[in-house]
$ cat target.csv   # CSV, C-alpha atoms
chain,number,residue,atom,x,y,z
A,13,MET,CA,9.9,-69.2,212.7
A,14,SER,CA,11.9,-66.8,210.6
A,15,GLN,CA,15.3,-67.5,209.2
A,16,PHE,CA,18.0,-67.7,211.9
A,17,SER,CA,21.7,-67.2,211.1
A,18,ALA,CA,24.7,-66.9,213.4
A,19,ILE,CA,28.0,-65.0,213.7
A,20,ILE,CA,30.7,-66.6,215.8
A,21,LEU,CA,33.6,-64.3,216.7
A,22,ALA,CA,36.8,-66.2,216.6
A,23,ALA,CA,39.4,-63.6,215.6
A,24,GLY,CA,41.1,-62.9,218.9
A,25,LYS,CA,44.7,-63.9,219.8
A,26,GLY,CA,44.1,-64.6,223.5
A,27,THR,CA,47.2,-62.7,224.8
A,28,ARG,CA,46.7,-63.7,228.4
A,29,ILE,CA,46.7,-67.4,227.5
A,30,LYS,CA,50.4,-67.2,226.8
A,31,SER,CA,50.3,-70.1,224.3
A,32,GLU,CA,51.2,-70.6,220.7
A,33,THR,CA,47.7,-72.2,220.2
A,34,PRO,CA,45.0,-69.7,219.2
A,35,LYS,CA,42.6,-69.3,222.1
A,36,VAL,CA,39.6,-70.7,220.2
A,37,LEU,CA,41.5,-73.9,219.4
A,38,LEU,CA,42.3,-74.7,223.0
A,39,PRO,CA,41.0,-78.2,223.9
A,40,LEU,CA,38.2,-78.7,226.5
A,41,CYS,CA,36.9,-82.2,227.2
A,42,GLY,CA,37.3,-83.5,223.6
A,43,ARG,CA,36.5,-80.4,221.6
A,44,THR,CA,38.1,-77.1,221.0
A,45,LEU,CA,36.5,-74.0,222.6
A,46,VAL,CA,35.1,-72.9,219.3
A,47,GLY,CA,34.0,-76.5,218.6
A,48,HIS,CA,31.7,-76.4,221.7
A,49,VAL,CA,30.3,-73.1,220.5
A,50,ASN,CA,29.6,-74.5,217.1
A,51,GLU,CA,27.8,-77.5,218.5
A,52,ALA,CA,25.5,-75.3,220.6
A,53,VAL,CA,24.8,-72.8,217.7
A,54,VAL,CA,24.1,-75.5,215.1
A,55,GLY,CA,22.0,-77.4,217.7
A,56,ALA,CA,19.9,-74.2,218.2
A,57,GLY,CA,19.1,-74.3,214.5
A,58,ALA,CA,21.3,-71.5,213.1
A,59,ASP,CA,22.0,-71.7,209.3
A,60,PRO,CA,24.1,-70.2,207.8
A,61,VAL,CA,26.9,-69.8,210.3
A,62,VAL,CA,29.7,-67.2,209.8
A,63,PHE,CA,33.0,-67.4,211.7
A,64,VAL,CA,35.1,-64.2,211.9
A,65,VAL,CA,38.8,-65.0,212.0
A,66,ARG,CA,42.1,-63.1,212.0
A,67,HIS,CA,44.8,-64.4,214.4
A,68,GLU,CA,46.4,-67.6,212.9
A,69,ARG,CA,43.9,-67.2,210.1
A,70,GLU,CA,44.7,-70.4,208.1
A,71,ARG,CA,45.0,-72.6,211.1
A,72,VAL,CA,41.7,-71.5,212.6
A,73,ALA,CA,39.8,-71.5,209.3
A,74,SER,CA,41.1,-75.0,208.5
A,75,HIS,CA,39.7,-76.3,211.9
A,76,LEU,CA,36.4,-74.5,211.4
A,77,LYS,CA,35.9,-76.2,208.0
A,78,GLU,CA,36.6,-79.6,209.7
A,79,ILE,CA,33.9,-79.1,212.4
A,80,ASN,CA,31.4,-77.3,210.2
A,81,PRO,CA,31.9,-77.9,206.4
A,82,THR,CA,29.2,-75.4,205.5
A,83,ALA,CA,30.8,-72.6,207.6
A,84,ILE,CA,31.3,-69.2,206.0
A,85,ILE,CA,34.7,-67.7,206.9
A,86,ALA,CA,34.9,-63.9,207.2
A,87,ASP,CA,38.2,-62.0,207.8
A,88,GLN,CA,38.3,-59.2,210.3
A,89,ASP,CA,40.1,-56.1,209.0
A,90,ASP,CA,42.4,-53.7,210.8
A,91,ILE,CA,39.6,-51.9,212.6
A,92,LYS,CA,39.4,-53.3,216.1
A,93,GLY,CA,36.3,-54.4,218.1
A,94,THR,CA,33.4,-56.7,218.2
A,95,GLY,CA,31.2,-54.3,216.3
A,96,ARG,CA,33.7,-54.3,213.4
A,97,ALA,CA,34.0,-58.1,213.6
A,98,ALA,CA,30.2,-58.4,213.2
A,99,TRP,CA,30.3,-55.9,210.4
A,100,CYS,CA,32.8,-58.0,208.6
A,101,ALA,CA,30.6,-61.1,209.1
A,102,LEU,CA,27.6,-59.3,207.6
A,103,GLN,CA,29.6,-58.6,204.4
A,104,ALA,CA,30.1,-62.4,204.0
A,105,LEU,CA,26.5,-63.4,204.7
A,106,PRO,CA,24.5,-64.2,201.5
A,107,PRO,CA,22.7,-60.9,200.6
A,108,GLU,CA,19.3,-62.7,200.6
A,109,THR,CA,19.7,-63.7,204.3
A,110,THR,CA,16.8,-62.3,206.4
A,111,GLY,CA,15.3,-62.8,209.8
A,112,SER,CA,17.4,-62.8,213.0
A,113,VAL,CA,21.0,-63.3,213.6
A,114,LEU,CA,22.8,-64.7,216.7
A,115,VAL,CA,26.1,-63.1,217.6
A,116,ILE,CA,28.3,-65.1,220.1
A,117,ALA,CA,31.9,-65.2,221.1
A,118,GLY,CA,34.0,-68.2,220.1
A,119,ASP,CA,35.6,-68.7,223.5
A,120,CYS,CA,32.4,-69.4,225.5
A,121,PRO,CA,32.2,-73.2,225.5
A,122,MET,CA,29.6,-73.8,228.2
A,123,PHE,CA,26.5,-72.6,226.3
A,124,THR,CA,23.9,-75.3,225.5
A,125,ALA,CA,21.7,-75.5,222.4
A,126,HIS,CA,18.7,-75.3,224.7
A,127,SER,CA,19.7,-71.9,226.1
A,128,LEU,CA,20.4,-70.4,222.7
A,129,GLN,CA,17.0,-71.8,221.5
A,130,GLU,CA,15.4,-70.0,224.5
A,131,LEU,CA,17.2,-66.8,223.6
A,132,ARG,CA,16.0,-67.1,220.0
A,133,ALA,CA,12.4,-67.7,221.1
A,134,ALA,CA,12.5,-64.7,223.4
A,135,HIS,CA,13.6,-62.6,220.5
A,136,GLU,CA,11.2,-63.9,217.9
A,137,ASN,CA,8.2,-63.6,220.3
A,138,SER,CA,8.9,-59.9,220.7
A,139,ASN,CA,9.0,-56.9,218.4
A,140,ASN,CA,12.4,-55.8,219.6
A,141,ALA,CA,15.4,-55.0,217.4
A,142,VAL,CA,17.7,-56.9,219.7
A,143,THR,CA,17.5,-59.3,222.6
A,144,VAL,CA,20.4,-59.4,225.0
A,145,LEU,CA,21.5,-62.6,226.8
A,146,SER,CA,22.5,-61.6,230.3
A,147,ALA,CA,23.5,-63.3,233.5
A,148,VAL,CA,23.7,-62.3,237.2
A,149,LEU,CA,27.1,-62.8,238.7
A,150,ASP,CA,28.4,-62.5,242.3
A,151,ASP,CA,31.7,-61.1,240.9
A,152,PRO,CA,30.9,-59.1,237.7
A,153,TYR,CA,34.5,-57.7,237.3
A,154,GLY,CA,35.6,-57.5,233.7
A,155,TYR,CA,32.1,-57.8,232.1
A,156,GLY,CA,30.0,-55.2,230.5
A,157,ARG,CA,27.2,-54.1,232.8
A,158,ILE,CA,23.5,-54.0,231.9
A,159,VAL,CA,22.2,-50.6,232.6
A,160,ARG,CA,18.4,-50.3,233.0
A,161,ASP,CA,15.9,-47.5,233.5
A,162,ALA,CA,14.3,-48.7,236.8
A,163,ALA,CA,15.3,-50.5,239.9
A,164,GLY,CA,13.9,-52.7,242.6
A,165,PRO,CA,13.2,-51.6,246.2
A,166,ASP,CA,16.0,-49.6,247.9
A,167,GLU,CA,18.1,-49.5,244.8
A,168,THR,CA,19.1,-46.6,242.5
A,169,ALA,CA,18.3,-47.0,238.8
A,170,GLY,CA,21.2,-48.6,237.0
A,171,THR,CA,22.8,-50.2,240.0
A,172,ALA,CA,23.0,-53.8,241.3
A,173,ASN,CA,20.3,-56.2,240.3
A,174,ALA,CA,18.2,-53.4,238.7
A,175,THR,CA,15.0,-54.2,236.8
A,176,GLY,CA,13.4,-52.4,233.9
A,177,ASN,CA,14.1,-51.6,230.3
A,178,ILE,CA,17.7,-51.9,229.1
A,179,LEU,CA,19.3,-48.6,228.3
A,180,GLY,CA,22.6,-50.0,227.2
A,181,ILE,CA,25.7,-52.1,228.1
A,182,VAL,CA,28.7,-50.3,229.6
A,183,GLU,CA,32.1,-52.0,229.3
A,184,GLU,CA,34.2,-52.3,232.4
A,185,LYS,CA,36.8,-49.7,231.4
A,186,ASP,CA,34.1,-47.2,230.5
A,187,ALA,CA,31.9,-47.7,233.5
A,188,THR,CA,31.5,-45.4,236.5
A,189,ASP,CA,32.0,-46.6,240.0
A,190,THR,CA,28.3,-46.8,240.4
A,191,GLN,CA,27.8,-48.8,237.3
A,192,ARG,CA,30.6,-51.2,238.4
A,193,GLN,CA,28.3,-52.2,241.2
A,194,ILE,CA,25.8,-53.7,238.8
A,195,CYS,CA,25.6,-57.5,239.1
A,196,GLU,CA,23.8,-58.2,235.8
A,197,VAL,CA,26.2,-58.5,233.0
A,198,GLY,CA,26.2,-58.9,229.2
A,199,THR,CA,27.4,-62.3,227.9
A,200,SER,CA,28.6,-61.0,224.6
A,201,THR,CA,25.7,-62.9,223.1
A,202,TYR,CA,22.7,-61.3,221.3
A,203,VAL,CA,20.0,-61.9,218.8
A,204,PHE,CA,19.5,-59.0,216.4
A,205,ASP,CA,17.0,-58.2,213.8
A,206,LEU,CA,19.3,-58.6,210.8
A,207,ASP,CA,18.2,-55.5,208.9
A,208,PHE,CA,18.5,-53.4,212.1
A,209,LEU,CA,22.1,-54.7,212.7
A,210,ARG,CA,23.1,-53.9,209.2
A,211,THR,CA,22.0,-50.3,209.6
A,212,ALA,CA,23.3,-49.9,213.1
A,213,LEU,CA,26.8,-51.1,212.3
A,214,GLU,CA,27.2,-48.5,209.5
A,215,ASN,CA,26.9,-45.8,212.1
A,216,ILE,CA,29.1,-47.0,215.0
A,217,GLY,CA,32.4,-45.3,215.8
A,218,THR,CA,35.4,-45.9,218.0
A,219,ASP,CA,35.0,-43.1,220.5
A,220,ASN,CA,35.6,-45.0,223.7
A,221,ALA,CA,38.4,-45.9,226.2
A,222,GLN,CA,39.6,-48.8,224.0
A,223,GLY,CA,39.4,-47.0,220.6
A,224,GLU,CA,37.3,-50.0,219.3
A,225,MET,CA,34.1,-50.4,217.5
A,226,TYR,CA,31.9,-51.9,220.2
A,227,LEU,CA,29.0,-54.2,219.3
A,228,THR,CA,27.3,-52.9,222.5
A,229,ASP,CA,26.9,-49.5,220.8
A,230,ALA,CA,24.3,-51.2,218.7
A,231,ILE,CA,22.2,-51.7,221.8
A,232,ALA,CA,22.4,-47.9,222.5
A,233,ALA,CA,21.4,-47.3,218.9
A,234,ALA,CA,18.3,-49.5,219.3
A,235,VAL,CA,17.4,-47.6,222.5
A,236,ALA,CA,17.9,-44.2,220.8
A,237,ALA,CA,15.8,-45.3,217.8
A,238,GLY,CA,13.0,-46.6,220.0
A,239,SER,CA,13.4,-50.0,218.3
A,240,GLY,CA,13.2,-52.0,221.5
A,241,VAL,CA,15.8,-54.0,223.5
A,242,GLY,CA,14.7,-57.2,225.2
A,243,SER,CA,16.5,-59.6,227.4
A,244,TYR,CA,16.8,-63.2,228.4
A,245,ILE,CA,18.6,-63.9,231.7
A,246,LEU,CA,20.4,-67.2,231.8
A,247,PRO,CA,19.1,-69.5,234.6
A,248,ASN,CA,22.6,-70.9,235.0
A,249,ALA,CA,25.2,-68.2,234.8
A,250,ILE,CA,28.1,-70.7,234.3
A,251,GLU,CA,27.0,-71.0,230.7
A,252,ALA,CA,28.2,-67.4,230.1
A,253,ALA,CA,31.8,-68.1,231.3
A,254,GLY,CA,34.5,-67.4,228.8
A,255,VAL,CA,38.2,-68.2,228.7
A,256,ASN,CA,40.7,-65.4,229.2
A,257,ASP,CA,43.5,-67.4,230.8
A,258,LEU,CA,44.4,-71.0,231.6
A,259,VAL,CA,43.1,-70.6,235.1
A,260,GLN,CA,39.6,-70.1,233.7
A,261,LEU,CA,40.1,-72.9,231.3
A,262,ALA,CA,41.0,-75.3,234.1
A,263,ASP,CA,37.9,-74.2,236.1
A,264,LEU,CA,35.6,-74.8,233.1
A,265,GLN,CA,37.3,-78.2,232.5
A,266,VAL,CA,36.2,-79.3,236.0
A,267,GLU,CA,32.6,-78.0,235.4
A,268,MET,CA,32.2,-79.5,232.0
A,269,ASN,CA,33.7,-82.9,233.1
A,270,ARG,CA,31.2,-82.8,236.0
A,271,ARG,CA,28.3,-82.1,233.6
A,272,ILE,CA,29.3,-84.9,231.2
A,273,GLN,CA,29.6,-87.5,233.9
A,274,GLU,CA,26.3,-86.5,235.5
A,275,GLU,CA,24.6,-87.1,232.2
A,276,TRP,CA,26.1,-90.5,231.9
A,277,LEU,CA,25.3,-91.4,235.5
A,278,ARG,CA,21.6,-90.6,234.8
A,279,THR,CA,21.6,-93.1,231.9
A,280,GLY,CA,22.7,-96.0,234.0
A,281,VAL,CA,26.5,-95.8,233.7
A,282,ARG,CA,28.4,-96.5,237.0
A,283,ILE,CA,31.2,-94.0,237.5
A,284,ILE,CA,32.7,-94.9,240.9
A,285,ASP,CA,34.6,-91.7,241.6
A,286,PRO,CA,33.8,-88.7,239.3
A,287,ALA,CA,36.3,-86.6,241.1
A,288,THR,CA,39.2,-88.7,239.8
A,289,THR,CA,37.7,-89.5,236.4
A,290,HIS,CA,37.8,-87.6,233.1
A,291,VAL,CA,35.4,-88.3,230.2
A,292,ASP,CA,35.5,-86.4,226.9
A,293,VAL,CA,32.2,-85.2,225.4
A,294,THR,CA,32.7,-87.5,222.4
A,295,VAL,CA,32.9,-90.7,224.5
A,296,GLN,CA,30.0,-93.2,224.3
A,297,LEU,CA,29.0,-95.3,227.3
A,298,GLU,CA,26.3,-97.9,227.5
A,299,PRO,CA,24.1,-98.6,230.6
A,300,ASP,CA,25.8,-100.9,233.1
A,301,ALA,CA,29.3,-100.0,231.9
A,302,VAL,CA,31.6,-99.3,234.9
A,303,VAL,CA,34.3,-96.6,235.1
A,304,GLU,CA,36.6,-97.2,238.0
A,305,PRO,CA,38.6,-94.4,239.8
A,306,GLY,CA,41.5,-92.7,238.1
A,307,THR,CA,40.3,-93.4,234.6
A,308,VAL,CA,40.6,-91.1,231.5
A,309,LEU,CA,38.4,-91.7,228.5
A,310,ARG,CA,39.2,-89.6,225.4
A,311,GLY,CA,38.2,-89.2,221.8
A,312,ASN,CA,35.8,-91.7,220.2
A,313,THR,CA,36.1,-94.3,223.0
A,314,LYS,CA,33.1,-96.6,223.3
A,315,VAL,CA,32.4,-98.9,226.3
A,316,ALA,CA,29.7,-101.5,225.9
A,317,ARG,CA,27.4,-102.7,228.7
A,318,TYR,CA,29.1,-104.6,231.6
A,319,GLY,CA,32.5,-103.4,230.3
A,320,VAL,CA,34.8,-102.3,233.2
A,321,VAL,CA,37.5,-99.8,232.5
A,322,GLY,CA,40.1,-98.9,235.2
A,323,PRO,CA,41.1,-98.3,237.8
A,324,ASN,CA,43.8,-96.0,236.5
A,325,SER,CA,43.3,-96.7,232.8
A,326,GLU,CA,43.7,-94.2,229.9
A,327,LEU,CA,41.8,-95.0,226.7
A,328,THR,CA,41.9,-93.0,223.5
A,329,ASP,CA,39.7,-94.0,220.5
A,330,VAL,CA,39.2,-97.5,222.0
A,331,THR,CA,36.2,-99.7,221.5
A,332,VAL,CA,35.5,-101.9,224.6
A,333,GLY,CA,33.3,-104.9,224.0
A,334,GLU,CA,30.6,-106.2,226.3
A,335,GLY,CA,31.9,-107.5,229.6
A,336,ALA,CA,35.5,-106.7,228.8
A,337,ARG,CA,37.8,-105.6,231.6
A,338,LEU,CA,40.8,-103.2,231.3
A,339,PRO,CA,42.5,-102.5,234.7
A,340,HIS,CA,45.5,-100.3,234.7
A,341,THR,CA,45.6,-100.1,230.9
A,342,VAL,CA,46.8,-97.5,228.4
A,343,ALA,CA,45.3,-98.1,225.0
A,344,THR,CA,45.0,-96.1,221.8
A,345,ALA,CA,42.9,-96.9,218.6
A,346,VAL,CA,42.3,-100.6,219.4
A,347,THR,CA,39.3,-102.8,219.8
A,348,ILE,CA,38.9,-105.0,222.9
A,349,ASP,CA,36.7,-108.0,222.2
A,350,ALA,CA,33.7,-108.9,224.4
A,351,HIS,CA,34.7,-110.5,227.7
A,352,GLN,CA,38.5,-110.0,227.0
A,353,VAL,CA,40.5,-109.1,230.1
A,354,THR,CA,43.8,-107.2,229.8
A,355,ALA,CA,46.6,-107.8,232.2
A,356,PRO,CA,47.3,-105.0,234.6
A,357,PHE,CA,49.8,-102.4,233.2
A,358,THR,CA,49.2,-103.3,229.6
A,359,VAL,CA,50.0,-100.8,226.8
A,360,LEU,CA,48.1,-101.3,223.5
A,361,GLY,CA,48.0,-99.5,220.2
A,362,VAL,CA,49.8,-96.4,219.1
A,363,SER,CA,50.9,-95.6,222.7
A,364,ALA,CA,53.0,-98.8,222.7
A,365,ARG,CA,55.5,-97.4,220.2

$ encode --input "target.csv" --output "structure tokens"
Amino acid sequence: MSQFSAIILAAGKGTRIKSETPKVLLPLCGRTLVGHVNEAVVGAGADPVVFVVRHERERVASHLKEINPTAIIADQDDIKGTGRAAWCALQALPPETTGSVLVIAGDCPMFTAHSLQELRAAHENSNNAVTVLSAVLDDPYGYGRIVRDAAGPDETAGTANATGNILGIVEEKDATDTQRQICEVGTSTYVFDLDFLRTALENIGTDNAQGEMYLTDAIAAAVAAGSGVGSYILPNAIEAAGVNDLVQLADLQVEMNRRIQEEWLRTGVRIIDPATTHVDVTVQLEPDAVVEPGTVLRGNTKVARYGVVGPNSELTDVTVGEGARLPHTVATAVTIDAHQVTAPFTVLGVSAR
């Protein structure tokens, strides 16, 4: 396989979040939003990885170096838009970098390494200049619509659920009423031939409703040049979900928590009531561990086999030995020995101060 690099767009402020925390640093099940994206991108084999930053630059860059010490940090300049952000990233890439490059938003935490590997494979098995990662949504409002040159039965070309070659991606504010009926949307995730992207971004302007340099215009450039535009449609559209406000973040928290617990249940961990339980992605549970209702497990908590935590316990960075029991316990940064039983309503560690 050819060299595979990545650009993660992490420059936005997230105005609709209404928080002093930069959007990409918002926590979700034990990692930041951009931390989840980084895990998926690195897991898919991308190297090097460039992060584009601007809002709260030092705060964001410091975190990025913590989660990915080899990360390349690129600063977005005063020209707005995802296309310009990608251009800034390309200036920071080592000049000898070749092959293909993944471009992905830093506020889309649900992607898995597997899906990004499938996208990469779809691109590298074709001769296309770009491969678009798309999804089919029941409610596509706010997303860029995938416009194709052909349609299925009883459909007009470029409308809902169309099939055929991609002609371009039209942003919501630039779309016609007909185009807004399209259910297939872009996920702001692409794999480009690196040489093509370098050339295309030198020729993209800001003549659109937003006055921004759209990365989607590179798709139109590939179509115009006859360079080929491929696609990979996500089997599970939830992976494409981003975070524009705290309502969306809360929805994704529920979905990711469900995903995490399902994985542990399939390994032999007994979670009595997943609906009232929270487990961070960084937690480690051994088979035959039991998690009672109302329990929150955070950070680097580890529960050995036959350990029972809860009901109604909150553990952060706690190691629970084999056969230990912690009912109604709040504990932080402590070790519970094997077979130790804490009295109900015990507070241990930092939380006790």

$ residues_around --input "target.csv" --residues "Val255 (chain A)" --least-positions-apart "5" --cutoff "9 Å" --atoms "all atoms listed in the file" --output "NGL selection string"
:A and (26 or 29 or 35-36 or 45 or 119-121 or 260-261 or 264)

$ closest_residue --input "target.csv" --among "A:Asn220, A:Thr82, A:Thr228, A:Thr341" --to "Glu326 (chain A)" --atoms "only C-alpha atoms"
A:Thr341

$ residues_around --input "target.csv" --residues "region 182-184 of chain A" --least-positions-apart "2" --cutoff "7 Å" --atoms "all atoms listed in the file" --output "number ranges by chain"
A: 154-158, 180, 186-187

$ residues_around --input "target.csv" --residues "Asp329 (chain A)" --least-positions-apart "6" --cutoff "12 Å" --atoms "all atoms listed in the file" --output "ChimeraX atom specification"
/A:42,292,294-296,308-315,342-348,360-363

$ write_last_selection --input "target.csv" --atoms "C-alpha atoms" --output "mmCIF file, in the frame of the given file"
data_model
loop_
_atom_site.group_PDB
_atom_site.id
_atom_site.type_symbol
_atom_site.label_atom_id
_atom_site.label_comp_id
_atom_site.auth_asym_id
_atom_site.auth_seq_id
_atom_site.Cartn_x
_atom_site.Cartn_y
_atom_site.Cartn_z
ATOM 1 C CA GLY A 42 37.300 -83.500 223.600
ATOM 2 C CA ASP A 292 35.500 -86.400 226.900
ATOM 3 C CA THR A 294 32.700 -87.500 222.400
ATOM 4 C CA VAL A 295 32.900 -90.700 224.500
ATOM 5 C CA GLN A 296 30.000 -93.200 224.300
ATOM 6 C CA VAL A 308 40.600 -91.100 231.500
ATOM 7 C CA LEU A 309 38.400 -91.700 228.500
ATOM 8 C CA ARG A 310 39.200 -89.600 225.400
ATOM 9 C CA GLY A 311 38.200 -89.200 221.800
ATOM 10 C CA ASN A 312 35.800 -91.700 220.200
ATOM 11 C CA THR A 313 36.100 -94.300 223.000
ATOM 12 C CA LYS A 314 33.100 -96.600 223.300
ATOM 13 C CA VAL A 315 32.400 -98.900 226.300
ATOM 14 C CA VAL A 342 46.800 -97.500 228.400
ATOM 15 C CA ALA A 343 45.300 -98.100 225.000
ATOM 16 C CA THR A 344 45.000 -96.100 221.800
ATOM 17 C CA ALA A 345 42.900 -96.900 218.600
ATOM 18 C CA VAL A 346 42.300 -100.600 219.400
ATOM 19 C CA THR A 347 39.300 -102.800 219.800
ATOM 20 C CA ILE A 348 38.900 -105.000 222.900
ATOM 21 C CA LEU A 360 48.100 -101.300 223.500
ATOM 22 C CA GLY A 361 48.000 -99.500 220.200
ATOM 23 C CA VAL A 362 49.800 -96.400 219.100
ATOM 24 C CA SER A 363 50.900 -95.600 222.700
#

$ residues_around --input "target.csv" --residues "Ala141 (chain A)" --least-positions-apart "6" --cutoff "10 Å" --atoms "all atoms listed in the file" --output "number ranges by chain"
A: 112, 135, 203-209, 230-231, 233-235, 237-242

$ residues_around --input "target.csv" --residues "Val281 (chain A)" --least-positions-apart "3" --cutoff "10 Å" --atoms "all atoms listed in the file" --output "list in words"
Gln273, Glu274, Glu275, Trp276, Leu277, Arg278, Ile284, Leu297, Glu298, Pro299, Asp300, Ala301, Val302, Val303, Val315, Arg317 and Tyr318 of chain A

$ write_last_selection --input "target.csv" --atoms "C-alpha atoms" --output "mmCIF file, keeping the file's coordinate frame"
data_model
loop_
_atom_site.group_PDB
_atom_site.id
_atom_site.type_symbol
_atom_site.label_atom_id
_atom_site.label_comp_id
_atom_site.auth_asym_id
_atom_site.auth_seq_id
_atom_site.Cartn_x
_atom_site.Cartn_y
_atom_site.Cartn_z
ATOM 1 C CA GLN A 273 29.600 -87.500 233.900
ATOM 2 C CA GLU A 274 26.300 -86.500 235.500
ATOM 3 C CA GLU A 275 24.600 -87.100 232.200
ATOM 4 C CA TRP A 276 26.100 -90.500 231.900
ATOM 5 C CA LEU A 277 25.300 -91.400 235.500
ATOM 6 C CA ARG A 278 21.600 -90.600 234.800
ATOM 7 C CA ILE A 284 32.700 -94.900 240.900
ATOM 8 C CA LEU A 297 29.000 -95.300 227.300
ATOM 9 C CA GLU A 298 26.300 -97.900 227.500
ATOM 10 C CA PRO A 299 24.100 -98.600 230.600
ATOM 11 C CA ASP A 300 25.800 -100.900 233.100
ATOM 12 C CA ALA A 301 29.300 -100.000 231.900
ATOM 13 C CA VAL A 302 31.600 -99.300 234.900
ATOM 14 C CA VAL A 303 34.300 -96.600 235.100
ATOM 15 C CA VAL A 315 32.400 -98.900 226.300
ATOM 16 C CA ARG A 317 27.400 -102.700 228.700
ATOM 17 C CA TYR A 318 29.100 -104.600 231.600
#

$ atom_distance --input "target.csv" --atom1 "CA of Glu214 (chain A)" --atom2 "CA of Leu114 (chain A)"
18.3 Å
